[in-house]
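A.B. asks: Have a look at this one before I ask anything.
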Amino acid sequence: MDMIDSLSRKRKTPLKKLPYRYNAYKNNDQKSCSGCFLDQSKTICFRSCLLVAGAVLGFSLGDASEAFASDPLPPETQIQRDREKLGNSTLVVSQTDPAAARDSRVVSTTTSESGEDKLDTSGNLLGDMGGLRTWLYKYGVTFNLQEFDELWGNVSGGTSGKPAYIGVTAPSIEVDLEKLIGLKGGRFNVSALQTRGRSISAEQLSVYNPVSGFEADRSTRLFELWYQQSLFGDKLDIKIGQQDLDTEFLISDYGALYLNANFGWPMAPSVNLYGGGPAWPLASPAIRFRYRPTNQLTFMFAAAADNPSGHSFYNADNPTNQSVHKDGANFNMRSGALLIAELQYSINPQPEDMSKATEDPGLPGIYRLGGFYDTGRFPDQRYDTNGGLLASPDSDGNPMMHRGNWMIYGIIDQMIWRPSLSSPTSLGIFVRPTGNGGDRNLVSFAIDAGFNLKAPFPERENDTLGLAWGMGRTSSRQRAYDRDLRNFNLGTYQPISHDEHHIELTYQAQVTPWMVLQPDLQYIVNPSRGVLNPNTGRRVGNEVVFGLHSNITF
């Protein structure tokens with residue numbers, strides 16, 4: 001009688017026996033675990049320890065083992081799940097940021113005659129790396145390396161018109177803990193960033209949000225470091241660690257085609273939260289819950305540190321707060337908390353193989369409703385600590401601080417046309433409005449919308465053509481501050497804030513399985529609400545910006 005049998009006899013509900021698989025340690029020397037005293041391999045010993053602990057604590061982990069995902073998991077990332085729900089009408093690579101681009105790349109596998117899955121590396125420039133990738137995958141380890149390079153030029157408006165280069169190298173390692181140690185549903189991820197080049201937005205455009213979601217201060221930093229556990233047949237998963245929230249929250253799947261950062265992590269949180277909040281390139285310690293009671297309904301909630309850098313709201317030396325801790329290992333938890341929730345509902349689920357569909361399932365769509373509350377303290381846009389006007393020469397220049405901040409939002413991603421069920425061509429639309437209070441925020445309302453045409457030309461099934469528009473409304477408190485400034489500086493030109501609009505035309509082309517090219521054209525009206533150009537003494541002019549983006553998966 002082994003220990004599991006003896007423990008089962010002491011209980012009314014017998015513990016489920018695990019299939020015994022012995023893998024000898026090096027030199028075939030058996031070793032007993034100090035926890036359960038069983039001669040087991042590391043994998044089986046881990047599960048045996050759980051059984052022993054369950055018996056001691058009075059519950060059956062054998063029964064509770066059903067909580068762990070036991071069937072083959074569906075697509076692992078939120079972006080991949082949404083792609084299936086939208087009938088694969090979404091883009092090949094999400095351009096929200098490097099993490100989203102990574103998550104949108106599917107790890108392809110093939111099934112051998114023995115039933116084992118094998119890694120397909122045809123989508124990687126370096127292939128199998130001499131067998132290294134396949135060997136790592138055997139133990140659940142996936143190595144990913146992506147390179148992003150962009151060239152930008154401002155041909156009209158702005159403060160200057162020089163070409164600019166942006167580069168990002170993004171390595172990551174993900175571990176399937178079921179393959180490694182037998183822990184079903186467990187995933188571990190660590191990623192880093194190496195950013196270089198010069199920000200065309202900060203140096204030449206004076207816009208609210210960068211014209212590229214890949215712009216960042218030069219640094220080499222840790223990005224994400226988290227563990228995720230799936231439970232109850234993958235209906236619930238929990239992620240804890242250093243996280244970038246803009247791969248799962250607040251994101252439109254169709255809107256992720258566009259390079260302008262406003263179509264990724266929206267304008268309002270980017271300019272209203274500390275350092276733009278826990279989003280590229282600043283991740284924060286967080287815990288995220290995702291519950292999927294059905295294939296069509298998803299609820300997500302996250303609690304994250306609201307200030308990734310830990311610096312005060314305003315930073316004259318580094319307005320983005322990205323260079324406060326260049327190594328990315330700050331793990332600040334000494335400020336407020338960002339509490340965010342999102343409800344998702346998909347309509348007209350699509351079959352896996354549309355060519356075998358016997359009837360039209362309808363045009364798919366995903367509808368989201370969400371919001372966040374930040375417990376931190378935020379500066380007033382008009383009044384100082386004494387209740388006086390910040391624009392007054394008598395002001396101490398220190399803004400009144402308010403406790404808390406909030407925002408609500410809705411997102412629609414809807415396919416509106418496809419010529420036939422088997423056609424790769426489709427037309428989709430997206431709309432995303434956001435709204436929040438105005439006394440402590442620079443932007444009080446924003447909206448983005450656009451049209452995406454997937455497979456616009458024959459033999460170009462993975463290409464996408466898109467046209468989108470967005471705007472951000474400057475808060476009433478900020479506009480009042482501008483009027484105050486004009487009144488205190490009579491005879492000096494002082495523009496009053498207006499709305500900023502951005503229009504983008506883009507084409508994402510998959511040149512090879514491992515390379516994507518994306519030419520881009522943007523037109524920006526009233527950059528940063530119509531701020532003063534220090535070179536001319538007048539408003540910054542409307543801008544025409546050209547760009548070329550490339551993404552290579554090594």
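Please note that chains go A, B, ... in the order of the structure tokens, that every chain numbers its residues from 1, and that ligands are numbered from 1 in the order shown.
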Please provide as a ChimeraX atom specification all residues within 12 Å of Ser201 (chain A), with the sequence filter that same-chain residues fewer than 2 positions apart are discarded (counting only C-alpha atoms).
C.D. replies: /A:152-154,158-166,198-199,203-217,260-261,320,524,527-528,543,545
A.B. asks: Can I get the selected residues back with C-alpha atoms, as a tab-separated table (two decimals), in the first residue's frame?
C.D. replies:
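Result file out_8.tsv:
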```
chain	number	residue	atom	x	y	z
A	152	TRP	CA	8.92	58.95	-40.08
A	153	GLY	CA	8.84	62.30	-41.79
A	154	ASN	CA	6.82	65.44	-41.09
A	158	GLY	CA	4.66	70.95	-36.60
A	159	THR	CA	7.69	72.72	-35.17
A	160	SER	CA	10.22	71.23	-37.62
A	161	GLY	CA	10.44	68.77	-40.50
A	162	LYS	CA	13.31	66.33	-40.01
A	163	PRO	CA	13.22	62.57	-40.65
A	164	ALA	CA	13.15	60.36	-37.56
A	165	TYR	CA	13.97	56.72	-36.84
A	166	ILE	CA	12.39	54.53	-34.15
A	198	ARG	CA	14.26	59.78	-31.52
A	199	SER	CA	10.61	60.57	-30.87
A	203	GLU	CA	10.51	66.75	-30.84
A	204	GLN	CA	8.53	67.94	-33.86
A	205	LEU	CA	4.77	67.46	-33.58
A	206	SER	CA	3.57	68.57	-30.09
A	207	VAL	CA	0.66	66.12	-30.20
A	208	TYR	CA	-1.34	64.68	-27.30
A	209	ASN	CA	-0.35	61.08	-28.09
A	210	PRO	CA	2.51	59.84	-30.31
A	211	VAL	CA	1.90	59.21	-34.01
A	212	SER	CA	3.42	55.78	-33.38
A	213	GLY	CA	2.59	53.36	-30.60
A	214	PHE	CA	6.21	52.18	-30.73
A	215	GLU	CA	7.75	55.49	-29.69
A	216	ALA	CA	9.58	55.41	-26.37
A	217	ASP	CA	12.54	57.00	-24.62
A	260	ASN	CA	-1.08	56.20	-34.22
A	261	ALA	CA	-0.97	55.52	-30.48
A	320	THR	CA	6.97	60.96	-20.10
A	524	ILE	CA	-3.38	65.90	-37.54
A	527	PRO	CA	-2.02	69.28	-32.45
A	528	SER	CA	-2.36	69.16	-28.65
A	543	GLU	CA	0.53	68.25	-39.75
A	545	VAL	CA	3.16	62.79	-41.48
```
A.B. asks: With a distance cut-off of 8 Å and only C-alpha atoms, select the neighbouring residues of Thr247 (chain A), excluding the residue or stretch itself and same-chain residues fewer than 5 positions from it, and output the selection as a list in words.
C.D. replies: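 Non-adjacent residues within range: Gln78, Ile79, Thr96, Ala99, Ala100 and Asp103 of chain A.
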A.B. asks: I need the residues from that last selection saved to file as an mmCIF file, in the first residue's frame (with N, CA and C atoms), if you can.
C.D. replies:
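Wrote it out as selection33.cif, contents follow:
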```cif
data_model
loop_
_atom_site.group_PDB
_atom_site.id
_atom_site.type_symbol
_atom_site.label_atom_id
_atom_site.label_comp_id
_atom_site.auth_asym_id
_atom_site.auth_seq_id
_atom_site.Cartn_x
_atom_site.Cartn_y
_atom_site.Cartn_z
ATOM 1 N N GLN A 78 -5.633 37.076 -25.321
ATOM 2 C CA GLN A 78 -6.907 37.723 -25.591
ATOM 3 C C GLN A 78 -7.016 38.098 -27.066
ATOM 4 N N ILE A 79 -5.929 38.546 -27.651
ATOM 5 C CA ILE A 79 -5.941 38.938 -29.066
ATOM 6 C C ILE A 79 -6.236 37.740 -29.950
ATOM 7 N N THR A 96 -0.724 47.757 -31.541
ATOM 8 C CA THR A 96 -0.884 48.544 -30.320
ATOM 9 C C THR A 96 0.468 48.851 -29.687
ATOM 10 N N ALA A 99 4.157 44.252 -27.160
ATOM 11 C CA ALA A 99 3.525 43.131 -26.453
ATOM 12 C C ALA A 99 2.302 42.631 -27.214
ATOM 13 N N ALA A 100 1.508 43.555 -27.764
ATOM 14 C CA ALA A 100 0.343 43.160 -28.552
ATOM 15 C C ALA A 100 0.761 42.469 -29.841
ATOM 16 N N ASP A 103 1.626 38.985 -28.872
ATOM 17 C CA ASP A 103 0.450 38.185 -28.549
ATOM 18 C C ASP A 103 -0.372 37.833 -29.774
#
```
A.B. asks: As an exercise, work out the distance from CA of Asp499 (chain A) to CA of Val540 (chain A) in Å and give it to one decimal place.
C.D. replies: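 Atom-to-atom, CA of Asp499 (chain A) and CA of Val540 (chain A) are spaced 13.4 Å apart.
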A.B. asks: Would you please extract all alpha helix (DSSP H) residues from region 265-395 of chain A, as assigned by DSSP on the backbone, and give them as a list in words?
C.D. replies: Met267, Ala268, Pro269, Ser270, Val271 and Asn272 of chain A
A.B. asks: Go ahead and save the picked residues with N, CA and C atoms, as a PDB file, in the first residue's frame.
C.D. replies:
```
ATOM      1  N   MET A 267      -6.304  58.114 -25.920  1.00  0.00           N
ATOM      2  CA  MET A 267      -5.750  59.419 -25.585  1.00  0.00           C
ATOM      3  C   MET A 267      -5.977  59.778 -24.122  1.00  0.00           C
ATOM      4  N   ALA A 268      -7.188  59.573 -23.609  1.00  0.00           N
ATOM      5  CA  ALA A 268      -7.516  60.039 -22.259  1.00  0.00           C
ATOM      6  C   ALA A 268      -6.617  59.433 -21.181  1.00  0.00           C
ATOM      7  N   PRO A 269      -6.517  58.096 -21.051  1.00  0.00           N
ATOM      8  CA  PRO A 269      -5.607  57.581 -20.017  1.00  0.00           C
ATOM      9  C   PRO A 269      -4.149  57.911 -20.303  1.00  0.00           C
ATOM     10  N   SER A 270      -3.778  58.070 -21.556  1.00  0.00           N
ATOM     11  CA  SER A 270      -2.387  58.369 -21.888  1.00  0.00           C
ATOM     12  C   SER A 270      -1.940  59.714 -21.336  1.00  0.00           C
ATOM     13  N   VAL A 271      -2.843  60.705 -21.349  1.00  0.00           N
ATOM     14  CA  VAL A 271      -2.455  62.044 -20.878  1.00  0.00           C
ATOM     15  C   VAL A 271      -2.994  62.356 -19.484  1.00  0.00           C
ATOM     16  N   ASN A 272      -3.971  61.577 -19.001  1.00  0.00           N
ATOM     17  CA  ASN A 272      -4.599  61.895 -17.708  1.00  0.00           C
ATOM     18  C   ASN A 272      -4.026  61.121 -16.533  1.00  0.00           C
TER      19      ASN A 272
END
```
A.B. asks: Write out as an MDAnalysis selection string the residues lying within 6 Å of Tyr383 (chain A), counting only C-alpha atoms and excluding same-chain residues fewer than 6 positions away.
C.D. replies: chainID A and resid 389:390 399:400
